[in-house]
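Read through the structure below, which is laid out as structure tokens, and then see the notes.
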Amino acid sequence: MDALAGLLEGPRARGAFMIRACFDPPWAVRVEDRAPLTVMLMVRGEAVVLPDTGESVRLRPGDLAIARGPAPYTCADAPDTAPQALILPGAECRHPDGGTLNGSMDLGVRSWGDRLDGGTVLLIGTYLMDGEISKRLLDALPPLLSLTTDVWQCPLTPLLMAEIVRDEPGQEVVLDRMLDLLVIAALRAWFSRPEAEAPAWYAALADPVVGRVLRLMQDDPAHPWTVASLAAKAGVSRAALARRFTERVGEPVMAYLTGWRLALAADRLREGPATLEAIARQVGYGSAFALSSAFKRGYGVSPQEFRARAVGARTS
């Protein structure tokens, strides 16, 4: 698995919130839904995304923004427009004064706002739960990023416009996969940009020694790696590898390996019914007990509690 594939293979929407927002200026929406990740694709008109801290992002037709939660932000036609709607967790929509707005701005299937032929059209896709986007990916992203049409062209816009308003059996699954594809395409373009602040381990992949060691661990986490065996594979001494790895990645070799294995275990706990013993073997632990002990140190809860919370979040 190459490093970018390993980073981007995480998005797995499950019943994601997707909508076509249609407005006439002036308009503004305050978003406080605490969602882990939201994608905004500008189709018509212009908008500005204003985080509570940090720089705003201006969107024009074809531009895309990705907001990493749970920090709130405002999306509007202009920076000084007062919000007319407040989006809360669970896709609840209210007036800024607290009165309910649910249903009053519906414009049909997955469409919302003033009128369908409004001057502004924005496609919005939101991952609703932690676990649909891997923590490693979220940690690699800034709170708000944007891609403009001079650095990328989104081939999915016409297809998304057509599919988002369809109401057919299985349509939610179709839209989930399209959202995943949109995120992967956007982040692949963003990580190629010089201004992208990729995580230290990602930049370290260019190092001939550290990059080889990272790939060995990522490709085969179940192998009983030691610093000595990894150093031998990389053709350097243990001391040289330990020093170079910590300098490039920001943590020791075995600390990185532990974090990688536990992240993989967390993904498997969220995804399916595999036994803890089976997951332990897949990610490099000799027994369920060993994995459980390491997992509780790393995540603060047992694997069983972690899985129960993930299942509860999906079904609530």
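Following the order of the structure tokens, first chain is A, next is B, and so on, with residues numbered from 1 inside each chain and ligands from 1 in the order they appear.
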For segment 72-106 of chain A against segment 125-128 of chain A, with a cut-off of 12 Å and counting only C-alpha atoms, what is the closest atom pair and its distance in Å to one decimal for every residue that makes the cut, ordered by chain and number, as JSON lines?
```
{"residue": "A:Ile87", "atom": "CA", "partner": "A:Thr126", "partner_atom": "CA", "distance": 11.9}
{"residue": "A:Leu88", "atom": "CA", "partner": "A:Leu128", "partner_atom": "CA", "distance": 11.4}
{"residue": "A:Pro89", "atom": "CA", "partner": "A:Leu128", "partner_atom": "CA", "distance": 8.5}
{"residue": "A:Gly90", "atom": "CA", "partner": "A:Leu128", "partner_atom": "CA", "distance": 8.0}
{"residue": "A:Ala91", "atom": "CA", "partner": "A:Leu128", "partner_atom": "CA", "distance": 9.0}
```
Would you mind telling me which residue in A:Arg309, A:Arg68, A:Arg34, A:Arg188 lies nearest to Lys135 of chain A when using only C-alpha atoms?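 Among the listed residues, the smallest separation from Lys135 of chain A belongs to A:Arg68.
Using only C-alpha atoms, the contacts of segment 228-245 of chain A at a cut-off of 9 Å, with sequence neighbours closer than 4 positions omitted, comprise Ala204, Pro208, Val209, Val210, Arg212, Val213, Leu216, Met217, Pro224, Val249, Gly250, Glu251, Pro252 and Val253 of chain A.
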Kindly save the residues from that selection, with all heavy atoms included, as an mmCIF file, in the first residue's frame.
```cif
data_model
loop_
_atom_site.group_PDB
_atom_site.id
_atom_site.type_symbol
_atom_site.label_atom_id
_atom_site.label_comp_id
_atom_site.auth_asym_id
_atom_site.auth_seq_id
_atom_site.Cartn_x
_atom_site.Cartn_y
_atom_site.Cartn_z
ATOM 1 N N ALA A 204 8.202 12.345 5.648
ATOM 2 C CA ALA A 204 9.357 11.469 5.872
ATOM 3 C C ALA A 204 9.441 10.328 4.881
ATOM 4 O O ALA A 204 10.485 9.677 4.762
ATOM 5 C CB ALA A 204 9.320 10.912 7.294
ATOM 6 N N PRO A 208 15.154 8.147 2.119
ATOM 7 C CA PRO A 208 15.425 6.791 1.636
ATOM 8 C C PRO A 208 15.454 5.735 2.736
ATOM 9 O O PRO A 208 15.142 4.566 2.487
ATOM 10 C CB PRO A 208 16.786 6.915 0.947
ATOM 11 C CG PRO A 208 17.398 8.159 1.519
ATOM 12 C CD PRO A 208 16.262 9.064 1.799
ATOM 13 N N VAL A 209 15.825 6.109 3.947
ATOM 14 C CA VAL A 209 15.864 5.150 5.057
ATOM 15 C C VAL A 209 14.520 5.115 5.785
ATOM 16 O O VAL A 209 13.885 4.072 5.922
ATOM 17 C CB VAL A 209 17.003 5.505 6.041
ATOM 18 C CG1 VAL A 209 16.911 4.627 7.292
ATOM 19 C CG2 VAL A 209 18.356 5.333 5.363
ATOM 20 N N VAL A 210 14.074 6.266 6.254
ATOM 21 C CA VAL A 210 12.837 6.327 7.029
ATOM 22 C C VAL A 210 11.640 5.936 6.167
ATOM 23 O O VAL A 210 10.727 5.239 6.627
ATOM 24 C CB VAL A 210 12.647 7.733 7.632
ATOM 25 C CG1 VAL A 210 11.313 7.823 8.374
ATOM 26 C CG2 VAL A 210 13.795 8.060 8.568
ATOM 27 N N ARG A 212 11.536 3.809 3.712
ATOM 28 C CA ARG A 212 11.480 2.355 3.571
ATOM 29 C C ARG A 212 10.940 1.701 4.835
ATOM 30 O O ARG A 212 10.118 0.775 4.771
ATOM 31 C CB ARG A 212 12.876 1.806 3.252
ATOM 32 C CG ARG A 212 12.946 0.288 3.207
ATOM 33 C CD ARG A 212 14.173 -0.216 2.483
ATOM 34 N NE ARG A 212 14.313 -1.658 2.597
ATOM 35 C CZ ARG A 212 13.562 -2.557 1.967
ATOM 36 N NH1 ARG A 212 12.577 -2.145 1.196
ATOM 37 N NH2 ARG A 212 13.767 -3.849 2.117
ATOM 38 N N VAL A 213 11.352 2.185 5.981
ATOM 39 C CA VAL A 213 10.895 1.616 7.246
ATOM 40 C C VAL A 213 9.395 1.870 7.437
ATOM 41 O O VAL A 213 8.647 0.976 7.874
ATOM 42 C CB VAL A 213 11.707 2.200 8.410
ATOM 43 C CG1 VAL A 213 11.074 1.847 9.753
ATOM 44 C CG2 VAL A 213 13.146 1.698 8.348
ATOM 45 N N LEU A 216 7.475 -0.543 5.257
ATOM 46 C CA LEU A 216 7.509 -1.901 5.795
ATOM 47 C C LEU A 216 6.459 -2.069 6.892
ATOM 48 O O LEU A 216 5.721 -3.061 6.930
ATOM 49 C CB LEU A 216 8.905 -2.214 6.345
ATOM 50 C CG LEU A 216 10.012 -2.453 5.314
ATOM 51 C CD1 LEU A 216 11.380 -2.451 5.991
ATOM 52 C CD2 LEU A 216 9.787 -3.773 4.583
ATOM 53 N N MET A 217 6.379 -1.109 7.794
ATOM 54 C CA MET A 217 5.421 -1.207 8.893
ATOM 55 C C MET A 217 3.988 -1.058 8.406
ATOM 56 O O MET A 217 3.086 -1.754 8.872
ATOM 57 C CB MET A 217 5.737 -0.157 9.957
ATOM 58 C CG MET A 217 7.054 -0.411 10.699
ATOM 59 S SD MET A 217 7.310 0.706 12.105
ATOM 60 C CE MET A 217 7.662 2.244 11.261
ATOM 61 N N PRO A 224 6.386 -9.295 13.352
ATOM 62 C CA PRO A 224 6.984 -8.956 14.658
ATOM 63 C C PRO A 224 8.203 -8.047 14.520
ATOM 64 O O PRO A 224 9.335 -8.434 14.821
ATOM 65 C CB PRO A 224 7.348 -10.330 15.228
ATOM 66 C CG PRO A 224 7.605 -11.181 14.033
ATOM 67 C CD PRO A 224 6.611 -10.720 12.995
ATOM 68 N N VAL A 249 10.130 11.882 11.794
ATOM 69 C CA VAL A 249 8.721 11.585 12.071
ATOM 70 C C VAL A 249 8.223 12.279 13.334
ATOM 71 O O VAL A 249 7.040 12.563 13.468
ATOM 72 C CB VAL A 249 8.500 10.056 12.163
ATOM 73 C CG1 VAL A 249 7.056 9.709 12.471
ATOM 74 C CG2 VAL A 249 8.932 9.389 10.855
ATOM 75 N N GLY A 250 9.116 12.548 14.275
ATOM 76 C CA GLY A 250 8.716 13.218 15.495
ATOM 77 C C GLY A 250 8.385 12.292 16.639
ATOM 78 O O GLY A 250 7.969 12.759 17.717
ATOM 79 N N GLU A 251 8.568 10.989 16.461
ATOM 80 C CA GLU A 251 8.376 10.014 17.529
ATOM 81 C C GLU A 251 9.231 8.793 17.227
ATOM 82 O O GLU A 251 9.615 8.562 16.079
ATOM 83 C CB GLU A 251 6.908 9.621 17.676
ATOM 84 C CG GLU A 251 6.310 8.968 16.444
ATOM 85 C CD GLU A 251 4.839 8.619 16.641
ATOM 86 O OE1 GLU A 251 4.414 8.379 17.793
ATOM 87 O OE2 GLU A 251 4.104 8.587 15.633
ATOM 88 N N PRO A 252 9.547 7.977 18.233
ATOM 89 C CA PRO A 252 10.383 6.800 18.004
ATOM 90 C C PRO A 252 9.701 5.757 17.125
ATOM 91 O O PRO A 252 8.476 5.750 16.959
ATOM 92 C CB PRO A 252 10.608 6.250 19.424
ATOM 93 C CG PRO A 252 10.346 7.403 20.331
ATOM 94 C CD PRO A 252 9.278 8.209 19.667
ATOM 95 N N VAL A 253 10.536 4.864 16.588
ATOM 96 C CA VAL A 253 10.054 3.846 15.657
ATOM 97 C C VAL A 253 8.918 3.031 16.267
ATOM 98 O O VAL A 253 7.836 2.893 15.686
ATOM 99 C CB VAL A 253 11.202 2.887 15.244
ATOM 100 C CG1 VAL A 253 10.674 1.808 14.300
ATOM 101 C CG2 VAL A 253 12.337 3.668 14.602
#
```
Mind checking which residues fall within 6 Å of Val29 of chain A, counting only C-alpha atoms, ignoring those fewer than 5 positions away in the same chain, and posting them as a ChimeraX atom specification? /A:74-75,83-86
Counting only C-alpha atoms, what is within 7 Å of segment 174-186 of chain A, bar same-chain residues fewer than 3 positions away, as a list in words? Leu8, Pro11, Arg12, Ala13, Arg14, Gly15, Ala16, Gly125, Ile164, Gly170, Gln171, Ala189 and Trp190 of chain A
Fewer than 4 positions away in the same chain doesn't count, so skip those; otherwise give me all residues within 8 Å of Ser292 of chain A, counting only C-alpha atoms, as JSON, numbers by chain. {"A": [288, 296, 302, 303]}
Keeping only N, CA and C atoms, write those residues as a CSV table (one decimal), in the first residue's frame.
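The resulting selection15.csv:
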```
chain,number,residue,atom,x,y,z
A,288,ALA,N,-5.6,-11.5,22.2
A,288,ALA,CA,-6.6,-10.5,22.5
A,288,ALA,C,-6.3,-9.7,23.7
A,296,LYS,N,-6.4,0.0,25.5
A,296,LYS,CA,-6.9,0.8,26.6
A,296,LYS,C,-5.9,1.9,27.0
A,302,SER,N,-11.7,0.2,26.7
A,302,SER,CA,-11.4,-1.2,26.2
A,302,SER,C,-11.9,-1.3,24.7
A,303,PRO,N,-11.3,-2.3,24.0
A,303,PRO,CA,-11.9,-2.5,22.6
A,303,PRO,C,-13.4,-2.7,22.6
```
Would you work out the distance separating atom CA of Tyr202 of chain A from atom CA of Ala263 of chain A, expressed in Å to one decimal?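 Atom-to-atom, atom CA of Tyr202 of chain A and atom CA of Ala263 of chain A are spaced 15.9 Å apart.
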Separation of atom CA of Phe295 of chain A from atom CA of Ile279 of chain A, in Å and rounded to one decimal: 11.7 Å
Could you pull out all residues of segment 211-265 of chain A with a DSSP call of helix (DSSP H, G or I) and give them as a PyMOL selection string? chain A and resi 211-219+227-234+238-249+253-265
Please, what distance in Å, to one decimal, runs between atom CA of Leu50 of chain A and atom CA of Trp152 of chain A? 22.1 Å
Residues near Leu205 of chain A, anyone? I mean within 8 Å using only C-alpha atoms, not counting same-chain ones fewer than 4 positions away, as JSON, numbers by chain. {"A": [3, 201, 210, 211, 212, 214, 215]}
Would you save the residues from that selection as a short mmCIF file (atom, residue, chain, number, x, y, z; two decimals), in the first residue's frame, using all heavy atoms?
```
data_model
loop_
_atom_site.label_atom_id
_atom_site.label_comp_id
_atom_site.auth_asym_id
_atom_site.auth_seq_id
_atom_site.Cartn_x
_atom_site.Cartn_y
_atom_site.Cartn_z
N ALA A 3 1.73 5.27 0.55
CA ALA A 3 1.36 6.06 1.72
C ALA A 3 0.10 6.88 1.51
O ALA A 3 -0.73 7.00 2.40
CB ALA A 3 2.52 6.99 2.08
N TRP A 201 5.16 12.18 9.24
CA TRP A 201 5.45 10.85 8.71
C TRP A 201 5.25 10.80 7.20
O TRP A 201 5.94 10.06 6.51
CB TRP A 201 4.58 9.79 9.40
CG TRP A 201 3.11 9.91 9.16
CD1 TRP A 201 2.21 10.48 9.99
CD2 TRP A 201 2.38 9.44 8.03
NE1 TRP A 201 0.95 10.40 9.44
CE2 TRP A 201 1.03 9.77 8.25
CE3 TRP A 201 2.74 8.77 6.85
CZ2 TRP A 201 0.04 9.46 7.33
CZ3 TRP A 201 1.75 8.46 5.93
CH2 TRP A 201 0.41 8.81 6.17
N VAL A 210 14.07 6.27 6.25
CA VAL A 210 12.84 6.33 7.03
C VAL A 210 11.64 5.94 6.17
O VAL A 210 10.73 5.24 6.63
CB VAL A 210 12.65 7.73 7.63
CG1 VAL A 210 11.31 7.82 8.37
CG2 VAL A 210 13.80 8.06 8.57
N GLY A 211 11.64 6.36 4.91
CA GLY A 211 10.54 6.01 4.03
C GLY A 211 10.41 4.50 3.85
O GLY A 211 9.30 3.95 3.86
N ARG A 212 11.54 3.81 3.71
CA ARG A 212 11.48 2.36 3.57
C ARG A 212 10.94 1.70 4.83
O ARG A 212 10.12 0.77 4.77
CB ARG A 212 12.88 1.81 3.25
CG ARG A 212 12.95 0.29 3.21
CD ARG A 212 14.17 -0.22 2.48
NE ARG A 212 14.31 -1.66 2.60
CZ ARG A 212 13.56 -2.56 1.97
NH1 ARG A 212 12.58 -2.15 1.20
NH2 ARG A 212 13.77 -3.85 2.12
N LEU A 214 8.94 3.06 7.11
CA LEU A 214 7.51 3.36 7.22
C LEU A 214 6.68 2.43 6.34
O LEU A 214 5.65 1.91 6.76
CB LEU A 214 7.25 4.81 6.84
CG LEU A 214 7.61 5.87 7.89
CD1 LEU A 214 7.62 7.25 7.27
CD2 LEU A 214 6.63 5.83 9.06
N ARG A 215 7.15 2.21 5.13
CA ARG A 215 6.39 1.35 4.21
C ARG A 215 6.37 -0.09 4.70
O ARG A 215 5.36 -0.79 4.56
CB ARG A 215 6.99 1.44 2.81
CG ARG A 215 6.74 2.79 2.13
CD ARG A 215 7.27 2.82 0.70
NE ARG A 215 7.01 4.11 0.07
CZ ARG A 215 7.85 5.15 0.12
NH1 ARG A 215 9.01 5.04 0.76
NH2 ARG A 215 7.53 6.29 -0.47
#
```
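Restricting the calculation to only C-alpha atoms, the smallest distance between Glu195 of chain A and any of A:Pro142, A:Pro169, A:Gly62, A:Pro155 is found for A:Pro142.
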Looking at only C-alpha atoms, which of A:Thr120, A:Leu144, A:Ala310, A:Ala222 is the one that sits closest to Ser287 of chain A?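 Closest to Ser287 of chain A, using only C-alpha atoms: A:Ala222.
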Go through A:Leu37, A:Leu123, A:Met42, A:Ala278 and flag the residue nearest Ala21 of chain A, using only C-alpha atoms for the distances.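 Going through A:Leu37, A:Leu123, A:Met42, A:Ala278 one by one, the smallest distance to Ala21 of chain A is for A:Leu123.
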